[in-house]
Amino acid sequence: MKVEWRLSFLFIISILAVLTFWNYQNRVYDWDMPGYLGCMYTSEFPNSPDKVRIITYDEIKKEAPAEHYTDIIGIKQWDIPRQYFVKNTQSFTEQLPYFQIKIGYILVITLFYKLGLSSPMAVLFTSLISYFFSGLLLFYILKLLFPKKYWLAIGLTVAAMLLPPMTYMSRVSTPDMFIFQFILIFIIGLIKKWSKWGMFVLLFAITFIRPDYITFTLTYIIAVFFFYYFREKKIDVSLIAQGTVLLVMYLAIIKFYHYPGWKDVFYDTFIDRRPIISTHPIEVSLKDYLSIIYIKIIYFKKVTLSVSIMIAIVFWRSKDAWVRMISVLFLVNVYIKFFFFPQSAALRFFFPFIFPLFIMMLYVLSKKYNDLKLEKIA
């Protein structure tokens, strides 16, 4: 069996290498790229905002296909904000806090840039290499779930890596594919029963990379806290300390980078993208919010159906309270993300929470083949 798994591992590496190269050939220079490059160059030229703006777009123009670059700079008549970003330093600089808070991600693309990659490729390479390692992590998870079914592990891994959200995340300049690796490691931590401090280090890294994942990291700690409390009738002070550290780090990052705030993100994304943030104060009413949620949730029905089926299977096949709680945790985070950022047309925002629920479904189904047990983190 060990020989078969070794051969299957070599096979999956070959498949992932081919898929990664395929995604590289279909890479996308999208309008998020200037934001992340601007953050990187700002740290290099902190007192030269004009230079940061100019070099950002010049470097993208050198590499990006013409149709990609024209989309980035917004040549269409109604795409005024992008036209401002490329020409107006104040407009461009005021957008950067939306991106700067993702410190861990910025550090990684900066590392690849310092190692010799061009700045646009440093961003894209981060997504591509994350795709490759995510495939390896997924294969390892499936090996844990189905230790005697190596062909099943191969098939599920390849099928998952070919899913449209997965291939899309690997081709664009966003931290979604990068953070997905850490979500998979989180699942491994659950399966392997890592200590609560081992899990905390992972939660800290996730929050450092993407502070908007504070909702996920805190809900996990809160869930574990109450699970432990109701089961053992004891208060685990260490979990309170962990949650406090994560929250303080989040607030410090937000304050340090002068993050505009949720209302600004919501307004700029779903109501009207402001060319210059400081000259256009905004107000989002409850009516505005609910009307947008109503429209977006209609287009979220496929996701709702999918996660409903997965959670139903989990509850049907498993009576384990811990397994159910973890599954509900992922389900709840899908909708926490949606109600904070209801971009129903972009599945990449929700996929890092939907896919772990799928893994939990596979876990409970795997009991049919073996006696694997997922126990609570002590």
# chains A, B, ... in the order shown; residues from 1 in each chain; ligands from 1
call {"tool": "closest_atom_pairs", "arguments": {"of": "stretch 250-360 of chain A", "to": "stretch 206-221 of chain A", "cutoff": "7 Å", "atoms": "only C-alpha atoms", "output": "tab-separated table"}}
result
residue	atom	partner	partner_atom	distance
A:Tyr250	CA	A:Pro211	CA	5.8
A:Leu329	CA	A:Tyr220	CA	6.9
A:Asn333	CA	A:Phe216	CA	6.2
call {"tool": "write_last_selection", "arguments": {"atoms": "all heavy atoms", "output": "mmCIF file, in the first residue's frame"}}
result
data_model
loop_
_atom_site.group_PDB
_atom_site.id
_atom_site.type_symbol
_atom_site.label_atom_id
_atom_site.label_comp_id
_atom_site.auth_asym_id
_atom_site.auth_seq_id
_atom_site.Cartn_x
_atom_site.Cartn_y
_atom_site.Cartn_z
ATOM 1 N N TYR A 250 -6.241 42.602 14.793
ATOM 2 C CA TYR A 250 -7.118 43.081 13.722
ATOM 3 C C TYR A 250 -7.344 44.587 13.834
ATOM 4 O O TYR A 250 -7.187 45.333 12.856
ATOM 5 C CB TYR A 250 -8.450 42.338 13.788
ATOM 6 C CG TYR A 250 -9.536 42.950 12.933
ATOM 7 C CD1 TYR A 250 -9.556 42.749 11.557
ATOM 8 C CD2 TYR A 250 -10.528 43.743 13.502
ATOM 9 C CE1 TYR A 250 -10.544 43.313 10.769
ATOM 10 C CE2 TYR A 250 -11.519 44.314 12.720
ATOM 11 C CZ TYR A 250 -11.521 44.095 11.356
ATOM 12 O OH TYR A 250 -12.499 44.669 10.578
ATOM 13 N N LEU A 329 -20.054 25.645 11.700
ATOM 14 C CA LEU A 329 -19.134 26.779 11.718
ATOM 15 C C LEU A 329 -18.811 27.243 10.299
ATOM 16 O O LEU A 329 -18.869 28.445 9.996
ATOM 17 C CB LEU A 329 -17.841 26.396 12.444
ATOM 18 C CG LEU A 329 -16.709 27.424 12.402
ATOM 19 C CD1 LEU A 329 -17.025 28.597 13.321
ATOM 20 C CD2 LEU A 329 -15.382 26.783 12.793
ATOM 21 N N ASN A 333 -20.110 30.745 8.419
ATOM 22 C CA ASN A 333 -19.153 31.704 7.862
ATOM 23 C C ASN A 333 -19.413 32.014 6.390
ATOM 24 O O ASN A 333 -19.042 33.092 5.919
ATOM 25 C CB ASN A 333 -17.724 31.202 8.077
ATOM 26 C CG ASN A 333 -17.164 31.639 9.408
ATOM 27 O OD1 ASN A 333 -16.672 32.755 9.554
ATOM 28 N ND2 ASN A 333 -17.280 30.767 10.404
#
call {"tool": "residues_around", "arguments": {"residues": "A:Ser134", "least_positions_apart": "2", "cutoff": "10 Å", "atoms": "only C-alpha atoms", "output": "ChimeraX atom specification"}}
result
/A:16,128-132,136-140,157,161,166,177-185
call {"tool": "residues_around", "arguments": {"residues": "A:Lys302", "least_positions_apart": "6", "cutoff": "12 Å", "atoms": "only C-alpha atoms", "output": "ChimeraX atom specification"}}
result
/A:296,308-309,344-345,347,354
call {"tool": "write_last_selection", "arguments": {"atoms": "C-alpha atoms", "output": "PDB file, in the first residue's frame"}}
result
ATOM      1  CA  LYS A 296     -27.937  39.403  -4.271  1.00  0.00           C
ATOM      2  CA  SER A 308     -27.848  22.806   2.401  1.00  0.00           C
ATOM      3  CA  ILE A 309     -27.267  19.404   0.809  1.00  0.00           C
ATOM      4  CA  SER A 344     -22.931  36.631  -5.085  1.00  0.00           C
ATOM      5  CA  ALA A 345     -21.545  36.660  -8.623  1.00  0.00           C
ATOM      6  CA  LEU A 347     -17.849  32.574  -5.807  1.00  0.00           C
ATOM      7  CA  ILE A 354     -17.841  26.184   1.135  1.00  0.00           C
TER       8      ILE A 354
END
call {"tool": "closest_residue", "arguments": {"among": "A:Val307, A:Gly38, A:Gln83, A:Pro164", "to": "A:Thr110", "atoms": "only C-alpha atoms"}}
result
A:Gly38
call {"tool": "closest_residue", "arguments": {"among": "A:Val364, A:Ile188, A:Ile235, A:Leu156", "to": "A:Leu144", "atoms": "only C-alpha atoms"}}
result
A:Ile188
call {"tool": "closest_residue", "arguments": {"among": "A:Ser173, A:Pro49, A:Phe266, A:Pro275", "to": "A:Gly74", "atoms": "only C-alpha atoms"}}
result
A:Pro275
call {"tool": "select_by_dssp", "arguments": {"residues": "stretch 211-248 of chain A", "states": "alpha helix (DSSP H)", "output": "VMD selection string"}}
result
chain A and resid 214 to 232 237 to 248
call {"tool": "write_last_selection", "arguments": {"atoms": "C-alpha atoms", "output": "PDB file, in the first residue's frame"}}
result
ATOM      1  CA  ILE A 214     -11.332  37.735  11.682  1.00  0.00           C
ATOM      2  CA  THR A 215     -14.967  36.632  11.563  1.00  0.00           C
ATOM      3  CA  PHE A 216     -13.853  33.087  10.810  1.00  0.00           C
ATOM      4  CA  THR A 217     -11.020  32.925  13.333  1.00  0.00           C
ATOM      5  CA  LEU A 218     -13.089  34.445  16.153  1.00  0.00           C
ATOM      6  CA  THR A 219     -16.166  32.306  15.472  1.00  0.00           C
ATOM      7  CA  TYR A 220     -13.973  29.218  15.631  1.00  0.00           C
ATOM      8  CA  ILE A 221     -12.507  30.232  19.000  1.00  0.00           C
ATOM      9  CA  ILE A 222     -15.962  31.137  20.330  1.00  0.00           C
ATOM     10  CA  ALA A 223     -17.384  27.804  19.127  1.00  0.00           C
ATOM     11  CA  VAL A 224     -14.552  25.825  20.762  1.00  0.00           C
ATOM     12  CA  PHE A 225     -14.922  27.865  23.953  1.00  0.00           C
ATOM     13  CA  PHE A 226     -18.630  27.080  24.333  1.00  0.00           C
ATOM     14  CA  PHE A 227     -18.208  23.481  23.239  1.00  0.00           C
ATOM     15  CA  TYR A 228     -15.586  22.985  25.935  1.00  0.00           C
ATOM     16  CA  TYR A 229     -17.652  24.908  28.501  1.00  0.00           C
ATOM     17  CA  PHE A 230     -20.867  22.923  28.005  1.00  0.00           C
ATOM     18  CA  ARG A 231     -18.999  19.632  27.885  1.00  0.00           C
ATOM     19  CA  GLU A 232     -16.533  20.124  30.734  1.00  0.00           C
ATOM     20  CA  VAL A 237      -9.222  31.321  29.908  1.00  0.00           C
ATOM     21  CA  SER A 238      -6.576  30.576  27.273  1.00  0.00           C
ATOM     22  CA  LEU A 239      -9.232  30.661  24.545  1.00  0.00           C
ATOM     23  CA  ILE A 240     -10.376  34.073  25.782  1.00  0.00           C
ATOM     24  CA  ALA A 241      -6.756  35.236  25.616  1.00  0.00           C
ATOM     25  CA  GLN A 242      -6.399  33.872  22.078  1.00  0.00           C
ATOM     26  CA  GLY A 243      -9.528  35.629  20.885  1.00  0.00           C
ATOM     27  CA  THR A 244      -8.383  38.881  22.495  1.00  0.00           C
ATOM     28  CA  VAL A 245      -4.998  38.710  20.769  1.00  0.00           C
ATOM     29  CA  LEU A 246      -6.613  38.146  17.372  1.00  0.00           C
ATOM     30  CA  LEU A 247      -9.090  40.975  17.878  1.00  0.00           C
ATOM     31  CA  VAL A 248      -6.405  43.404  19.057  1.00  0.00           C
TER      32      VAL A 248
END
call {"tool": "closest_residue", "arguments": {"among": "A:Met361, A:Gly35, A:Lys114, A:Tyr150", "to": "A:Leu7", "atoms": "only C-alpha atoms"}}
result
A:Tyr150
